[in-house]
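I have placed the structure first, in the form of structure tokens, so that the comments after it can refer back to it.
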Amino acid sequence: MRRLTSVFNFIAVAMTVALLTIIVVHTNLVTATEQAMQRSSRYDSAWVGAAGRMEILYLQKALGNFLVSKDRRDADQVALFSEILANRFSIYNAPGFQAFMDMKPKRRHLIETAAVEYGELRPLLHAVETLDAPALAALRQKLERVFAAVDRVGAEAQADSVNEAAQIRAEMQAKQKLQTWLVSGLFGSIALLLGISTLQNRFLRSATRTALRSAVDFSYLAHHDSLTGLPNRMAFTAEFARAAASCGDCECTRIAVLAVDLDGFKNVNDRLGHAAGDALLKEVAERMTRTCATFENNLLTARIGGDEFVVMLDASGDAALIFAQAEQLRAVLSETYAIEGSSLIVGASVGVAISVPGRDPNSLLIDADIALSQAKGSGKGRVMEFDPAMHDIFIRRASIEAELASAIAKDEIIPHYQIKMDVASGRVRGVEALARWTHPTLGPVSPGEFTRIAEESGLIVALGRNVLQRACRDALCFPEEVGVAVNLSAIQFIRDDILGTVRDVLDATGLPAHRLTLEVTETLMISETDRAVDILSRFRDMGVSIALDDFGTGYSALSYLRQFPWDELKIDRAFVMEMETDERARSIVGSIAAMAHQLGINVTAEGAETPGQIEALRDAGCETIQGYHFGRPVPFDDLPRAILHGVAAAARLHMGEATGHGRTDARRRLSA
Ligand code: C2E
Ligand code: MG
Ligand code: MG
């Protein structure tokens with residue numbers, strides 16, 4: 001098409017040039033014709049010349065007649081033709097003939113000489129009757145010279161005219177030929193131009209059709225998600241604005257927005273690759289479309305981001321219906337997926353916001369998003385309704401998110417240390433490094449809060465490295481027998497070369513590996529257990545101890561205990577809190593400890609705050625106890641004092657004295 005347009009433009013330019021040339025040639029031709037006309041006026045000279053020749057013939061004839069007849073009438077004829085010839089000489093002096101005369105100087109000389117001679121003979125021609133025979137003969141002789149001159153000039157005039165006419169005709173013919181060529185070229189070009197313009201029109205029509213089709217396609221693409229085919233954020237925003245506009249103060253027109261997000265989608269992408277992630281999203285979209293199609297009040301289902309989906313429902317009816325529908329969606333999305341030949345379980349969280357009469361409905365999507373992040377924050381896999389109080393939580397979270405990266409980069413998040421008391425000896429067995437951060441405006445933020453946000457953004461990798469590095473460096477200053485425990489997030493196992501990181505940190509700091517314990521939670525074991533076990537085994541090969549943290553919370557499958565030879569099992573504070581008052585909590589902790597001991601695992605109890613709890617934990621057979629009773633987490637500089645305080649507290653509880661309680665080290669017991 002572009003090439004055709006170039007050809008078209010080229011021909012158009014060529015035609016313009018041709019047209020201009022034709023105009024120039026035509027003007028030239030007109031000028032040439034005018035010149036030819038002017039030159040043709042020299043035909044007069046041919047006539048003048050020819051007439052002169054005729055007139056001398058008449059004069060010669062009249063003189064001949066007189067010489068024969070001597071008749072007066074013939075003498076009169078001679079006088080008459082002599083006058084005509086005399087008149088001819090005066091015509092020779094006319095400007096038209098002068099131009100011809102000027103062409104050859106000899107010619108002028110010839111005629112002028114003949115005119116002079118004739119001027120002398122003219123009176124004699126009027127008086128031929130009076131002349132005798134010799135005079136007449138002399139007259140005839142002189143006249144012959146005059147006649148010869150007139151005849152010659154006349155003949156030349158005729159010949160010149162004929163030549164010039166031929167030359168003009170030839171020039172005119174040449175120019176006409178050129179004009180014919182140009183006109184033919186012009187017509188040819190016009191025909192070509194018409195052909196090309198027809199072709200171009202056809203192309204233009206087809207291009208217009210293509211453009212129209214593209215516009216339709218583009219509009220579809222602009223409003224639909226290319227992966228799932230669902231309406232996208234743009235389409236949702238437009239549809240939502242329409243629906244929100246129809247929401248007045250009337251109860252009867254209410255809309256609900258369901259913000260849906262997959263739990264652990266990032267893990268799928270990270271572990272199984274983006275192709276699997278895409279396949280999962282397609283399946284999710286299909287399930288959502290299928291489920292929402294069964295809702296009579298369904299208005300729109302859209303995908304507005306990576307794994308973020310949104311459903312708009314007509315909420316004019318019972319609000320309970322909306323929550324039932326949200327729950328149904330969540331349940332459908334939580335069913336097992338078959339992706340690339342393997343089964344996947346991915347949960348979903350749903351935030352629900354329903355328009356309230358008198359409140360701007362435009363904030364509904366934000367409200368639903370806030371409810372969604374609350375649902376995620378409080379354990380995932382649930383439906384949560386928006387509550388205005390969530391706004392503050394949301395703003396707090398946004399503020400933490402905004403500051404977190406720079407706080408990590410500036411090393412503002414540092415570990416504090418909490419001592420772990422050895423029940424048998426009453427001494428400090430080790431310390432746990434717990435990250436601490438003071439937010440510039442919010443003040444101290446709990447690690448439970450910021451580590452979760454760091455996990456979601458991936459910042460946990462940098463944060464975890466910083467804490468590990470600092471803890472290992474600090475541990476070099478601890479007493480030789482005091483080890484350090486560092487918490488690791490399951491995300492660090494996915495997003496970081498955690499083996500390499502730990503190895504590098506140990507190398508860089510020089511801390512012996514046996515003084516380091518890594519605390520992981522069971523979430524690490526839930527998916528890809530084999531890979532997790534492999535990495536943990538390598539840590540153990542390096543000499544690093546591994547603790548299973550927060551045991552007793554979540555699923556706490558006992559099978560995790562036999563899947564890996566843990567060095568330490570940390571019983572969650574939730575059990576410890578109940579131990580003084582709840583017999584069942586006591587027997588559960590006792591059973592867990594017994595089972596762990598059977599497997600050669602040391603047991604640590606977390607969150608012991610009272611002597612009663614500590615007594616119960618000793619009875620249950622826990623080897624190590626950690627809790628506020630012995631000391632809260634403190635900065636590195638305060639650790640010596642915290643150790644003294646912990647040992648004193650242990651002494652008050654007669655720890656380290658043989659009491660008959662089950663305080664023997666589990667390993668020793670197992671080997672016995
Ligand atoms: P965790 O690893 O189970 O740490 C024990 C938590 O219990 C700590 O909370 C500790 O301060 C608290 N605690 C200890 N004794 C008592 C007690 O007697 N009473 C009460 N009420 N609490 C007690 P903290 O420091 O707020 O940490 C919370 C969680 O944040 C940790 O639980 C751990 O999972 C996570 N965390 C802390 N630092 C890090 C870190 O550097 N990396 C990672 N990945 N997670 C961390
Ligand atoms: Mg821990
Ligand atoms: Mg814990």
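In the structure tokens, the first chain shown is A, the next is B, and so on; residue numbers restart at 1 for each chain, and ligands run from 1 in the order shown.
All residues, whether protein, DNA or RNA, that have an atom at most 6 Å from ligand 3 (counting only C-alpha atoms and all ligand atoms) are Asp549, Asp550 and Asp572 of chain A.
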- request: Counting only C-alpha atoms and all ligand atoms, name the residues that have an atom within 9 Å of an atom of ligand 1; the answer should be given as an MDAnalysis selection string.
  value: chainID A and resid 413:418 432:436 445:452 455 460:461 463:468 486:492 519:521 549:550 570 572:573 577 606:610 626:633
Keeping only C-alpha atoms, take the residues you just selected and write them out as a short mmCIF file (atom, residue, chain, number, x, y, z; two decimals), in the first residue's frame.
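Result saved to result31.cif:
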```cif
data_model
loop_
_atom_site.label_atom_id
_atom_site.label_comp_id
_atom_site.auth_asym_id
_atom_site.auth_seq_id
_atom_site.Cartn_x
_atom_site.Cartn_y
_atom_site.Cartn_z
CA ILE A 413 15.68 -3.54 61.57
CA ILE A 414 17.97 -5.28 64.05
CA PRO A 415 17.68 -8.42 66.19
CA HIS A 416 16.94 -8.42 69.90
CA TYR A 417 17.75 -11.56 71.85
CA GLN A 418 15.60 -13.66 74.17
CA GLU A 432 16.61 -16.49 69.90
CA ALA A 433 17.15 -13.55 67.57
CA LEU A 434 13.87 -11.65 67.11
CA ALA A 435 13.72 -8.79 64.64
CA ARG A 436 12.83 -5.35 66.00
CA VAL A 445 5.98 -2.53 64.99
CA SER A 446 5.78 -6.21 65.93
CA PRO A 447 7.76 -8.63 63.75
CA GLY A 448 4.59 -10.69 63.36
CA GLU A 449 3.16 -7.70 61.49
CA PHE A 450 6.09 -6.53 59.39
CA THR A 451 7.49 -9.98 58.53
CA ARG A 452 4.11 -10.91 57.04
CA GLU A 455 6.87 -11.99 52.97
CA ILE A 460 11.77 -10.94 53.60
CA VAL A 461 14.80 -12.20 51.68
CA LEU A 463 15.43 -8.73 55.86
CA GLY A 464 16.23 -12.36 56.71
CA ARG A 465 19.80 -12.02 55.43
CA ASN A 466 20.39 -8.87 57.50
CA VAL A 467 19.08 -10.48 60.70
CA LEU A 468 21.09 -13.68 60.11
CA VAL A 486 17.40 -17.36 63.82
CA ASN A 487 13.88 -17.55 62.38
CA LEU A 488 13.60 -18.30 58.68
CA SER A 489 10.50 -17.69 56.59
CA ALA A 490 9.31 -20.33 54.12
CA ILE A 491 9.50 -17.62 51.45
CA GLN A 492 13.28 -17.44 51.95
CA GLU A 519 13.86 -22.06 63.26
CA VAL A 520 11.33 -22.92 60.59
CA THR A 521 7.57 -23.44 60.82
CA ASP A 549 8.89 -23.59 65.60
CA ASP A 550 5.34 -22.88 66.82
CA LYS A 570 9.31 -25.59 70.02
CA ASP A 572 3.79 -22.90 70.91
CA ARG A 573 2.89 -20.41 73.62
CA MET A 577 -0.57 -20.46 78.52
CA GLU A 606 7.79 -20.96 74.34
CA GLY A 607 6.11 -18.15 76.24
CA ALA A 608 6.50 -19.28 79.83
CA GLU A 609 5.45 -16.36 81.98
CA THR A 610 4.76 -17.83 85.41
CA GLN A 626 11.82 -19.64 76.89
CA GLY A 627 9.55 -16.93 78.19
CA TYR A 628 9.11 -13.57 79.82
CA HIS A 629 9.61 -15.13 83.22
CA PHE A 630 13.29 -15.55 82.40
CA GLY A 631 13.50 -12.48 80.27
CA ARG A 632 12.01 -10.53 77.39
CA PRO A 633 13.89 -10.05 74.12
#
```
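Shortest atom-to-atom contact with ligand 2 among A:Gln60, A:Ser373, A:Gln328, A:Thr604: A:Thr604, counting only C-alpha atoms and all ligand atoms.
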field: Distance criterion (only C-alpha atoms): nearest to A:Ile255 out of A:Gly341, A:Gly351, A:Pro357, A:Gly273
entry: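 Selected residue with least distance to A:Ile255: A:Pro357.
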query: Could you write out, as a ChimeraX atom specification, all the residues of stretch 194-365 of chain A that DSSP marks as strand (DSSP E or B)?
result: /A:224,231,255-263,298-303,308-314,337-339,342-344,347-354
Quick one: write out the picked residues with C-alpha atoms as a CSV table (one decimal), in the first residue's frame?
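So the final result, stored in part_6.csv, reads:
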```csv
chain,number,residue,atom,x,y,z
A,224,HIS,CA,-10.6,-7.7,28.2
A,231,PRO,CA,-13.4,-8.2,31.4
A,255,ILE,CA,-24.4,-3.1,44.7
A,256,ALA,CA,-21.8,-5.4,46.2
A,257,VAL,CA,-18.2,-5.8,45.2
A,258,LEU,CA,-16.3,-9.0,46.0
A,259,ALA,CA,-12.6,-8.7,45.8
A,260,VAL,CA,-11.1,-12.2,45.3
A,261,ASP,CA,-7.5,-13.1,45.6
A,262,LEU,CA,-5.7,-16.5,45.4
A,263,ASP,CA,-3.7,-17.6,48.5
A,298,ASN,CA,-24.5,-11.3,38.9
A,299,LEU,CA,-23.5,-8.0,37.2
A,300,LEU,CA,-19.9,-8.5,36.2
A,301,THR,CA,-16.9,-10.8,36.8
A,302,ALA,CA,-13.5,-9.3,36.0
A,303,ARG,CA,-9.8,-9.9,36.4
A,308,GLU,CA,-6.9,-10.4,41.7
A,309,PHE,CA,-10.4,-10.9,40.5
A,310,VAL,CA,-13.5,-8.9,41.2
A,311,VAL,CA,-17.2,-9.7,41.1
A,312,MET,CA,-20.0,-7.1,41.1
A,313,LEU,CA,-23.4,-8.2,42.3
A,314,ASP,CA,-26.8,-6.6,42.6
A,337,TYR,CA,-6.7,-28.0,40.5
A,338,ALA,CA,-5.2,-30.3,38.0
A,339,ILE,CA,-2.4,-28.2,36.4
A,342,SER,CA,-0.2,-32.4,39.0
A,343,SER,CA,-2.7,-31.6,41.7
A,344,LEU,CA,-2.6,-28.2,43.2
A,347,GLY,CA,-7.0,-21.3,48.6
A,348,ALA,CA,-8.8,-18.0,48.0
A,349,SER,CA,-9.6,-15.1,50.2
A,350,VAL,CA,-12.6,-12.8,49.5
A,351,GLY,CA,-13.3,-9.3,50.7
A,352,VAL,CA,-16.9,-8.1,50.5
A,353,ALA,CA,-18.2,-4.5,50.4
A,354,ILE,CA,-21.8,-3.6,50.0
```
- request: Do a neighbour search on A:Ala508 at 10 Å with only C-alpha atoms, toss out local chain neighbours closer than 3 positions, and write the hits as JSON, numbers by chain.
  value: {"A": [469, 472, 473, 502, 503, 504, 505, 511]}
- prompt: Between atom CA of A:Val576 and atom CA of A:Ala593, what is the spacing in Å?
  reply: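 It comes out at 12.5 Å.
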- prompt: From the list A:Thr509, A:Thr517, A:Thr523, A:Gln613, which residue is nearest ligand 2 when using only C-alpha atoms and all ligand atoms?
  reply: A:Thr517
message: Quick check for you: according to DSSP on this backbone, which residues of stretch 360-524 of chain A are classed as alpha helix (DSSP H)? Reply as a PyMOL selection string.
response: chain A and resi 364-377+390-409+447-457+460-475+490-495+498-509+523-524
Which residues are near A:Ala585? Cut-off 12 Å, only C-alpha atoms, ignore same chain within fewer than 2 positions. Put them as a CSV table (one decimal) with N, CA and C atoms, in the first residue's frame.
```csv
chain,number,residue,atom,x,y,z
A,552,GLY,N,2.1,-27.1,67.3
A,552,GLY,CA,0.9,-27.1,68.1
A,552,GLY,C,-0.1,-26.1,67.5
A,571,ILE,N,7.4,-25.9,71.4
A,571,ILE,CA,5.9,-25.9,71.6
A,571,ILE,C,5.4,-24.5,71.8
A,572,ASP,N,4.3,-24.3,71.0
A,572,ASP,CA,3.8,-22.9,70.9
A,572,ASP,C,3.2,-22.4,72.2
A,573,ARG,N,3.3,-21.1,72.4
A,573,ARG,CA,2.9,-20.4,73.6
A,573,ARG,C,1.4,-20.7,73.9
A,574,ALA,N,0.6,-20.9,72.9
A,574,ALA,CA,-0.8,-21.2,73.1
A,574,ALA,C,-1.1,-22.3,74.1
A,575,PHE,N,-0.2,-23.4,74.0
A,575,PHE,CA,-0.4,-24.5,74.9
A,575,PHE,C,0.1,-24.2,76.3
A,576,VAL,N,1.3,-23.5,76.3
A,576,VAL,CA,2.0,-23.1,77.5
A,576,VAL,C,1.0,-22.3,78.4
A,577,MET,N,0.3,-21.3,77.8
A,577,MET,CA,-0.6,-20.5,78.5
A,577,MET,C,-1.6,-21.2,79.3
A,578,GLU,N,-2.1,-22.3,78.7
A,578,GLU,CA,-3.2,-23.1,79.3
A,578,GLU,C,-2.7,-24.1,80.3
A,579,MET,N,-1.4,-24.3,80.4
A,579,MET,CA,-0.9,-25.5,81.2
A,579,MET,C,-1.3,-25.5,82.7
A,580,GLU,N,-1.3,-24.2,83.2
A,580,GLU,CA,-1.6,-24.2,84.7
A,580,GLU,C,-3.0,-24.5,85.0
A,581,THR,N,-3.9,-24.2,84.0
A,581,THR,CA,-5.3,-24.3,84.3
A,581,THR,C,-6.0,-25.5,83.6
A,582,ASP,N,-5.4,-25.9,82.5
A,582,ASP,CA,-6.1,-26.9,81.7
A,582,ASP,C,-5.3,-28.2,81.7
A,583,GLU,N,-6.0,-29.2,82.3
A,583,GLU,CA,-5.4,-30.5,82.4
A,583,GLU,C,-5.0,-31.1,81.0
A,587,SER,N,-1.6,-32.6,79.4
A,587,SER,CA,-1.4,-33.9,78.8
A,587,SER,C,-1.0,-33.8,77.4
A,588,ILE,N,-1.5,-32.8,76.6
A,588,ILE,CA,-1.1,-32.7,75.2
A,588,ILE,C,0.4,-32.4,75.1
A,589,VAL,N,0.9,-31.4,76.0
A,589,VAL,CA,2.3,-31.1,75.9
A,589,VAL,C,3.1,-32.2,76.4
A,590,GLY,N,2.6,-33.0,77.4
A,590,GLY,CA,3.4,-34.1,77.9
A,590,GLY,C,3.5,-35.2,76.8
A,591,SER,N,2.4,-35.4,76.0
A,591,SER,CA,2.5,-36.4,75.0
A,591,SER,C,3.4,-36.0,73.9
A,592,ILE,N,3.3,-34.7,73.5
A,592,ILE,CA,4.2,-34.2,72.4
A,592,ILE,C,5.6,-34.4,72.8
A,613,GLN,N,3.6,-22.3,85.2
A,613,GLN,CA,3.8,-22.8,83.9
A,613,GLN,C,5.1,-23.5,83.8
A,616,ALA,N,5.0,-26.8,85.4
A,616,ALA,CA,4.2,-27.8,84.6
A,616,ALA,C,5.0,-28.2,83.4
A,617,LEU,N,5.8,-27.3,82.8
A,617,LEU,CA,6.6,-27.7,81.6
A,617,LEU,C,7.8,-28.6,82.0
A,620,ALA,N,6.3,-31.9,82.3
A,620,ALA,CA,6.0,-32.5,81.0
A,620,ALA,C,7.3,-33.0,80.3
```
